[in-house]
Number of protein chains: 2
Amino acid sequence: MNQSVAQSTNQPTNRLSLNQQTTKRWSLPEVLDGARRHGLESVGLWREPVAEVGLDKARRLVEESGLRVSSLCRGGFLTASDERSRRLALDDNRRAIDEAATLGAPCLVMVVGGLPEEARTDLAGARERVTSAIAELAPYAAGRGVQIALEPLHPMFCADRAVLSTLRQALDLAERYPAGVVGVVVDTYHLWWDPDLFTQIERAAGRIASFQICDWLTPIPADALIGRGMPGDGHIDFRPIVEAVLATGYTGDIEVEIFNQEVWDADPDEVVGLMVERCQPLLRPPAADGR
Amino acid sequence: MNQSVAQSTNQPTNRLSLNQQTTKRWSLPEVLDGARRHGLESVGLWREPVAEVGLDKARRLVEESGLRVSSLCRGGFLTASDERSRRLALDDNRRAIDEAATLGAPCLVMVVGGLPEEARTDLAGARERVTSAIAELAPYAAGRGVQIALEPLHPMFCADRAVLSTLRQALDLAERYPAGVVGVVVDTYHLWWDPDLFTQIERAAGRIASFQICDWLTPIPADALIGRGMPGDGHIDFRPIVEAVLATGYTGDIEVEIFNQEVWDADPDEVVGLMVERCQPLLRPPAADGR
């Protein structure tokens with residue numbers, strides 16, 4: 001059971017991280033135990049299952065596990081146009097930043113929010129409100145030593161989830177701040193289609209806070225939110241993207257985050273086994289020059 | 001019944017065009033008759049319903065109607081990686097170009113195709129094959145006086161329908177040719193989310209072959225292909241986009257193309273009535289300077 005604990009030190013030997021949404025049925029202790037059992041050294045956590053066991057207990061469990069926390073999901077939802085909702089959202093984000101600090105997560109992933117009902121066609125306004133909210137949150141996050149990780153979501157989620165739609169747009173916003181304060185998330189599912197992707201990954205050097213991988217499946221399922229696939233099951237060519245991210249000097253973990261009913265219905269142990277089998281080879285240096 | 005025929009001359013007084021997919025239940029004669037009854041001067045046609053009545057008869061019906069044809073949908077599907085499929089697709093596109101010429105359509109809308117089963121993770125390769133195919137088709141289209149209209153589709157269709165995903169990418173390809181030979185389609189449904197949209201519309205001046213409008217609805221329906229809405233029912237702010245396109249000097253028609261089961265189930269006459277009520281005001285000059 002403890003085969004990988006000895007490796008979980010400052011020098012990571014395995015950068016593959018299990019995002020706990022991938023094994024949604026597992027409680028936090030089960031996720032930590034399962035990750036270790038499969039030789040992983042890192043997990044990506046979500047606020048809700050952390051809250052289920054309680055923040056302090058979660059912190060203790062993570063410390064005892066010896067695992068790294070690659071990220072905490074998620075803050076955001078910053079697009080409400082009325083003052084009261086805006087203030088509530090900012091308060092909630094400050095709590096999320098605190099939780100990330102407590103858990104030792106290097107970054108808080110931000111899904112910035114879509115178009116609110118009261119301003120449902122005002123895309124430009126929603127984008128401006130995100131910009132303002134980040135300006136309020138950045139100093140707070142910096143004070144807690146937590147990097148804000150702006151996540152551009154696939155444009156299909158622009159209306160209802162995140163008005164941040166491309167890596168370029170996320171970088172335009174992040175670059176107003178020091179890289180250690182506001183970074184970006186590179187998630188293959190959201191970005192794989194972008195003709196500008198490799199240019200923007202190169203531009204993101206030093207500012208990639210989180211790197212997440214999962215596959216794009218067709219057809220898109222009835223619930224578009226859960227159409228993500230195990231790498232290898234869909235349309236994404238992962239190796240060039242992984243290589244491009246590593247070529248920027250990114251030293252963090254590579255999280256596998258899959259929202260998919262079939263994956264959730266499967267035995268979580270088999271899911272993690274398959275994930276390791278499919279993804280571990282992607283993380284090996286592709287060439288002898290160690291690029 | 002003939003109220004608008006007198007207007008259907010070289011000087012359009014009404015640039016709103018009914019794409020025949022919006023009234024899918026109507027045959028071609030019904031579409032032509034319905035468009036005129038509602039004071040329209042232009043229709044967007046599809047190859048399949050044209051083939052149902054026969055190309056020559058369709059040409060005669062259109063001529064007799066006095067209506068303009070704003071575009072013919074569609075060519076494309078140029079991403080197959082095996083030689084035989086590639087050749088068949090090119091042949092089919094040449095036929096589509098001929099049909100557009102026969103019908104007097106100024107352009108053939110191209111949905112370029114997604115990732116073929118035999119190369120389902122090779123996005124870069126599929127994009128290269130599109131580039132090569134356009135190089136083969138452009139001289140043929142130029143010879144027939146038909147403009148190729150490259151349509152960037154929403155990135156959610158990148159895997160299964162069109163690897164051309166942004167207006168910028170479409171322009172990068174189109175600009176290899178004279179504007180009259182290869183243009184682009186601006187479709188609000190596909191492009192509304194793009195932070196780069198207004199910059200690219202300005203860049204597209206003189207090269208916009210077709211302008212189509214419909215709305216983005218939430219939630220995305222189980223069949224993502226038919227989630228398009230009547231303008232006003234969804235999340236798109238049309239006026240700034242219409243103004244930006246008109247500001248480029250675009251003189252063509254503005255087509256309303258809606259794929260939506262509820263719209264298809266409704267009385268087509270009511271659909272066209274609502275479409276005129278919702279869209280006609282968008283086409284009026286917004287300011288006294290006649291911009």
# chains A, B, ... in the order shown; residues from 1 in each chain; ligands from 1
$ residues_around --residues "Val256 (chain B)" --least-positions-apart "3" --cutoff "10 Å" --atoms "only C-alpha atoms" --output "PyMOL selection string"
chain B and resi 16-22+43-44+187+211-215+229-231+253+272+275-276+279
$ interface_residues --of "chain B" --to "chain A" --cutoff "8 Å" --atoms "only C-alpha atoms" --output "NGL selection string"
:B and (115 or 120-123 or 154-156 or 158-160 or 163 or 165 or 169 or 193-195 or 218-224 or 234-237)
$ write_last_selection --atoms "C-alpha atoms" --output "compact mmCIF listing (two decimals), in the first residue's frame"
# COMPACT_ATOMS: atom_id res chain seq x y z
CA LEU B 115 -11.78 14.14 -38.20
CA ARG B 120 -9.48 10.48 -35.76
CA THR B 121 -6.82 12.24 -33.69
CA ASP B 122 -4.98 13.95 -36.53
CA LEU B 123 -6.34 17.50 -36.35
CA HIS B 154 -18.34 26.40 -33.52
CA PRO B 155 -15.41 24.56 -31.91
CA MET B 156 -17.88 22.04 -30.47
CA CYS B 158 -14.39 20.46 -34.62
CA ALA B 159 -14.18 16.67 -34.27
CA ASP B 160 -17.21 15.66 -36.28
CA VAL B 163 -11.93 21.58 -38.42
CA SER B 165 -13.09 26.71 -35.99
CA GLN B 169 -8.43 30.63 -39.16
CA TRP B 193 -18.24 33.65 -28.18
CA ASP B 194 -14.93 34.58 -29.84
CA PRO B 195 -13.01 37.32 -27.99
CA THR B 218 -29.03 27.05 -23.33
CA PRO B 219 -29.08 24.34 -22.35
CA ILE B 220 -27.47 22.72 -25.37
CA PRO B 221 -30.02 20.09 -26.48
CA ALA B 222 -29.35 16.36 -26.55
CA ASP B 223 -28.63 16.69 -30.27
CA ALA B 224 -26.15 19.56 -30.27
CA GLY B 234 -30.87 33.09 -26.60
CA HIS B 235 -27.62 34.69 -25.55
CA ILE B 236 -26.38 36.58 -28.58
CA ASP B 237 -26.33 40.36 -28.76
$ select_by_dssp --residues "region 202-272 of chain B" --states "alpha helix (DSSP H)" --output "compact mmCIF listing (two decimals) with C-alpha atoms, in the first residue's frame"
# COMPACT_ATOMS: atom_id res chain seq x y z
CA GLU B 202 -12.97 44.11 -39.55
CA ARG B 203 -10.16 42.13 -41.15
CA PHE B 238 -26.91 40.71 -32.51
CA ARG B 239 -26.78 44.44 -33.08
CA PRO B 240 -23.03 44.96 -32.56
CA ILE B 241 -22.25 42.00 -34.81
CA VAL B 242 -24.63 43.17 -37.56
CA GLU B 243 -23.19 46.67 -37.33
CA ALA B 244 -19.63 45.37 -37.52
CA VAL B 245 -20.41 43.29 -40.62
CA LEU B 246 -22.22 46.15 -42.34
CA ALA B 247 -19.37 48.51 -41.42
CA GLN B 261 -36.88 20.90 -33.64
CA GLU B 262 -39.44 23.27 -32.10
CA VAL B 263 -39.02 25.71 -34.96
CA TRP B 264 -39.37 22.85 -37.44
CA ASP B 265 -42.51 21.61 -35.67
CA PRO B 268 -43.61 27.71 -41.09
CA ASP B 269 -45.65 30.82 -41.85
CA GLU B 270 -45.56 31.81 -38.18
CA VAL B 271 -41.83 31.08 -38.07
CA VAL B 272 -41.16 33.40 -41.01
$ closest_residue --among "A:Asp267, A:Glu151, A:Glu136, A:Asp91" --to "Tyr177 (chain A)" --atoms "only C-alpha atoms"
A:Glu136
$ select_by_dssp --residues "region 196-286 of chain A" --states "strand (DSSP E)" --output "NGL selection string"
:A and (208-213 or 215-216 or 228-229 or 254-256)
$ residues_around --residues "Val111 (chain A)" --least-positions-apart "5" --cutoff "10 Å" --atoms "only C-alpha atoms" --output "MDAnalysis selection string"
chainID A and resid 73:78 149:153 161:164 185
$ write_last_selection --atoms "C-alpha atoms" --output "CSV table (one decimal), in the first residue's frame"
chain,number,residue,atom,x,y,z
A,73,CYS,CA,-11.2,23.2,-7.8
A,74,ARG,CA,-12.8,25.6,-7.9
A,75,GLY,CA,-13.5,29.2,-7.4
A,76,GLY,CA,-15.0,31.6,-9.9
A,77,PHE,CA,-18.6,32.3,-11.0
A,78,LEU,CA,-17.9,36.0,-10.9
A,149,ALA,CA,-5.5,29.6,-12.0
A,150,LEU,CA,-7.8,31.1,-14.7
A,151,GLU,CA,-9.4,28.2,-16.7
A,152,PRO,CA,-10.5,28.9,-20.2
A,153,LEU,CA,-13.4,26.6,-20.9
A,161,ARG,CA,-20.3,28.4,-17.4
A,162,ALA,CA,-17.3,30.5,-18.4
A,163,VAL,CA,-16.9,33.6,-20.5
A,164,LEU,CA,-13.2,32.9,-20.6
A,185,VAL,CA,-5.0,26.3,-16.7
$ atom_distance --atom1 "CA of Gly249 (chain A)" --atom2 "CA of Leu40 (chain A)"
21.3 Å
$ closest_residue --among "B:Asn93, B:Gln147, B:Thr23, B:Thr131" --to "Thr79 (chain B)" --atoms "only C-alpha atoms"
B:Thr131
$ residues_around --residues "Ser81 (chain A)" --least-positions-apart "4" --cutoff "9 Å" --atoms "only C-alpha atoms" --output "list in words"
Ser85, Arg86, Pro116, Glu118, Ala119, Gly125, Ala126 and Arg129 of chain A
$ decode --residues "region 119-269 of chain A" --atoms "C-alpha atoms" --output "JSON list (two decimals), in the first residue's frame"
[["chain", "number", "residue", "atom", "x", "y", "z"],
["A", 119, "ALA", "CA", -27.87, 40.11, -18.36],
["A", 120, "ARG", "CA", -28.08, 37.07, -20.57],
["A", 121, "THR", "CA", -26.87, 38.68, -23.81],
["A", 122, "ASP", "CA", -24.18, 40.92, -22.34],
["A", 123, "LEU", "CA", -21.03, 38.96, -23.06],
["A", 124, "ALA", "CA", -18.78, 42.01, -23.07],
["A", 125, "GLY", "CA", -20.17, 43.10, -19.69],
["A", 126, "ALA", "CA", -19.67, 39.66, -18.17],
["A", 127, "ARG", "CA", -16.08, 39.62, -19.34],
["A", 128, "GLU", "CA", -15.49, 43.04, -17.80],
["A", 129, "ARG", "CA", -16.94, 41.87, -14.49],
["A", 130, "VAL", "CA", -14.53, 38.93, -14.46],
["A", 131, "THR", "CA", -11.65, 41.31, -15.00],
["A", 132, "SER", "CA", -12.80, 43.50, -12.10],
["A", 133, "ALA", "CA", -13.32, 40.55, -9.78],
["A", 134, "ILE", "CA", -9.86, 39.15, -10.44],
["A", 135, "ALA", "CA", -8.45, 42.58, -9.60],
["A", 136, "GLU", "CA", -10.16, 42.33, -6.20],
["A", 137, "LEU", "CA", -9.13, 38.74, -5.54],
["A", 138, "ALA", "CA", -5.52, 38.80, -6.75],
["A", 139, "PRO", "CA", -4.06, 40.67, -3.74],
["A", 140, "TYR", "CA", -5.95, 38.39, -1.37],
["A", 141, "ALA", "CA", -4.67, 35.26, -3.10],
["A", 142, "ALA", "CA", -1.14, 36.65, -3.18],
["A", 143, "GLY", "CA", -1.35, 37.24, 0.57],
["A", 144, "ARG", "CA", -2.28, 33.60, 1.12],
["A", 145, "GLY", "CA", 0.39, 32.27, -1.23],
["A", 146, "VAL", "CA", -2.21, 30.74, -3.54],
["A", 147, "GLN", "CA", -1.98, 31.23, -7.29],
["A", 148, "ILE", "CA", -5.23, 32.01, -9.08],
["A", 149, "ALA", "CA", -5.52, 29.61, -12.02],
["A", 150, "LEU", "CA", -7.78, 31.07, -14.72],
["A", 151, "GLU", "CA", -9.36, 28.24, -16.68],
["A", 152, "PRO", "CA", -10.50, 28.94, -20.21],
["A", 153, "LEU", "CA", -13.43, 26.62, -20.86],
["A", 154, "HIS", "CA", -14.51, 25.25, -24.21],
["A", 155, "PRO", "CA", -16.55, 27.88, -26.12],
["A", 156, "MET", "CA", -19.59, 25.59, -25.87],
["A", 157, "PHE", "CA", -19.74, 26.61, -22.20],
["A", 158, "CYS", "CA", -19.43, 30.35, -22.83],
["A", 159, "ALA", "CA", -23.09, 31.13, -22.13],
["A", 160, "ASP", "CA", -23.61, 29.05, -19.03],
["A", 161, "ARG", "CA", -20.26, 28.42, -17.39],
["A", 162, "ALA", "CA", -17.26, 30.49, -18.36],
["A", 163, "VAL", "CA", -16.94, 33.56, -20.54],
["A", 164, "LEU", "CA", -13.20, 32.88, -20.61],
["A", 165, "SER", "CA", -13.00, 30.85, -23.81],
["A", 166, "THR", "CA", -9.43, 30.67, -25.10],
["A", 167, "LEU", "CA", -5.96, 30.40, -23.65],
["A", 168, "ARG", "CA", -5.07, 33.64, -25.38],
["A", 169, "GLN", "CA", -7.91, 35.46, -23.62],
["A", 170, "ALA", "CA", -6.95, 33.94, -20.25],
["A", 171, "LEU", "CA", -3.34, 35.05, -20.75],
["A", 172, "ASP", "CA", -4.42, 38.56, -21.72],
["A", 173, "LEU", "CA", -6.06, 38.78, -18.30],
["A", 174, "ALA", "CA", -3.43, 36.87, -16.30],
["A", 175, "GLU", "CA", -0.57, 38.96, -17.67],
["A", 176, "ARG", "CA", -1.82, 42.00, -15.77],
["A", 177, "TYR", "CA", -0.38, 40.29, -12.66],
["A", 178, "PRO", "CA", 2.86, 38.63, -11.63],
["A", 179, "ALA", "CA", 2.96, 35.03, -12.89],
["A", 180, "GLY", "CA", 2.99, 33.67, -9.34],
["A", 181, "VAL", "CA", -0.24, 35.49, -8.53],
["A", 182, "VAL", "CA", -2.41, 34.78, -11.56],
["A", 183, "GLY", "CA", -1.73, 31.84, -13.85],
["A", 184, "VAL", "CA", -3.74, 29.81, -16.32],
["A", 185, "VAL", "CA", -5.04, 26.27, -16.66],
["A", 186, "VAL", "CA", -4.26, 24.29, -19.78],
["A", 187, "ASP", "CA", -6.96, 21.65, -20.14],
["A", 188, "THR", "CA", -6.80, 19.57, -23.30],
["A", 189, "TYR", "CA", -10.56, 19.03, -23.38],
["A", 190, "HIS", "CA", -11.26, 22.74, -23.52],
["A", 191, "LEU", "CA", -8.43, 23.82, -25.78],
["A", 192, "TRP", "CA", -7.52, 21.04, -28.20],
["A", 193, "TRP", "CA", -9.45, 22.55, -31.15],
["A", 194, "ASP", "CA", -7.76, 25.96, -31.01],
["A", 195, "PRO", "CA", -5.63, 26.74, -34.09],
["A", 196, "ASP", "CA", -3.75, 29.19, -31.86],
["A", 197, "LEU", "CA", -3.06, 26.64, -29.10],
["A", 198, "PHE", "CA", 0.64, 25.97, -29.52],
["A", 199, "THR", "CA", 1.48, 29.65, -29.92],
["A", 200, "GLN", "CA", -0.40, 30.42, -26.72],
["A", 201, "ILE", "CA", 1.12, 27.53, -24.75],
["A", 202, "GLU", "CA", 4.54, 28.89, -25.64],
["A", 203, "ARG", "CA", 3.43, 32.35, -24.56],
["A", 204, "ALA", "CA", 2.18, 30.86, -21.27],
["A", 205, "ALA", "CA", 5.69, 29.83, -20.19],
["A", 206, "GLY", "CA", 6.08, 30.39, -16.46],
["A", 207, "ARG", "CA", 2.37, 31.05, -16.03],
["A", 208, "ILE", "CA", 0.83, 27.58, -16.36],
["A", 209, "ALA", "CA", -0.67, 26.93, -12.93],
["A", 210, "SER", "CA", -2.37, 23.67, -13.76],
["A", 211, "PHE", "CA", -2.31, 21.17, -16.60],
["A", 212, "GLN", "CA", -5.30, 18.89, -16.95],
["A", 213, "ILE", "CA", -5.92, 16.19, -19.50],
["A", 214, "CYS", "CA", -8.91, 14.26, -20.72],
["A", 215, "ASP", "CA", -10.27, 13.39, -24.14],
["A", 216, "TRP", "CA", -12.93, 14.86, -26.43],
["A", 217, "LEU", "CA", -15.56, 12.25, -27.26],
["A", 218, "THR", "CA", -18.08, 12.17, -30.08],
["A", 219, "PRO", "CA", -20.96, 12.33, -30.17],
["A", 220, "ILE", "CA", -21.38, 14.99, -27.49],
["A", 221, "PRO", "CA", -23.69, 13.37, -24.91],
["A", 222, "ALA", "CA", -27.13, 14.72, -23.99],
["A", 223, "ASP", "CA", -25.54, 16.39, -20.99],
["A", 224, "ALA", "CA", -22.64, 18.21, -22.62],
["A", 225, "LEU", "CA", -20.92, 18.66, -19.27],
["A", 226, "ILE", "CA", -20.10, 14.99, -18.93],
["A", 227, "GLY", "CA", -18.72, 14.19, -22.37],
["A", 228, "ARG", "CA", -15.11, 13.95, -21.29],
["A", 229, "GLY", "CA", -13.21, 10.80, -21.99],
["A", 230, "MET", "CA", -10.29, 8.73, -20.80],
["A", 231, "PRO", "CA", -7.24, 9.78, -22.84],
["A", 232, "GLY", "CA", -7.13, 7.52, -25.87],
["A", 233, "ASP", "CA", -10.90, 7.15, -26.22],
["A", 234, "GLY", "CA", -11.49, 10.29, -28.25],
["A", 235, "HIS", "CA", -10.06, 12.76, -30.73],
["A", 236, "ILE", "CA", -7.19, 14.46, -28.95],
["A", 237, "ASP", "CA", -3.58, 13.89, -29.89],
["A", 238, "PHE", "CA", -2.06, 14.34, -26.43],
["A", 239, "ARG", "CA", 1.64, 13.97, -27.02],
["A", 240, "PRO", "CA", 2.25, 17.26, -28.89],
["A", 241, "ILE", "CA", 0.27, 19.17, -26.25],
["A", 242, "VAL", "CA", 2.09, 17.50, -23.34],
["A", 243, "GLU", "CA", 5.41, 18.16, -25.03],
["A", 244, "ALA", "CA", 4.54, 21.80, -25.64],
["A", 245, "VAL", "CA", 3.54, 22.32, -22.00],
["A", 246, "LEU", "CA", 6.66, 20.58, -20.69],
["A", 247, "ALA", "CA", 8.79, 22.59, -23.12],
["A", 248, "THR", "CA", 7.66, 25.80, -21.37],
["A", 249, "GLY", "CA", 9.43, 24.55, -18.25],
["A", 250, "TYR", "CA", 6.22, 23.58, -16.48],
["A", 251, "THR", "CA", 7.22, 21.61, -13.39],
["A", 252, "GLY", "CA", 3.80, 20.89, -11.88],
["A", 253, "ASP", "CA", 1.67, 17.80, -11.97],
["A", 254, "ILE", "CA", -0.50, 16.60, -14.82],
["A", 255, "GLU", "CA", -4.02, 15.98, -13.62],
["A", 256, "VAL", "CA", -6.49, 13.63, -15.20],
["A", 257, "GLU", "CA", -9.98, 15.05, -14.71],
["A", 258, "ILE", "CA", -12.80, 13.13, -16.35],
["A", 259, "PHE", "CA", -16.51, 13.95, -16.14],
["A", 260, "ASN", "CA", -18.24, 10.96, -17.67],
["A", 261, "GLN", "CA", -21.11, 8.82, -16.48],
["A", 262, "GLU", "CA", -19.60, 5.55, -17.71],
["A", 263, "VAL", "CA", -16.33, 6.33, -15.95],
["A", 264, "TRP", "CA", -18.22, 7.22, -12.79],
["A", 265, "ASP", "CA", -20.23, 3.98, -12.99],
["A", 266, "ALA", "CA", -17.09, 1.85, -13.39],
["A", 267, "ASP", "CA", -14.97, 0.42, -10.57],
["A", 268, "PRO", "CA", -12.80, 3.39, -9.51],
["A", 269, "ASP", "CA", -9.80, 1.13, -9.08]]
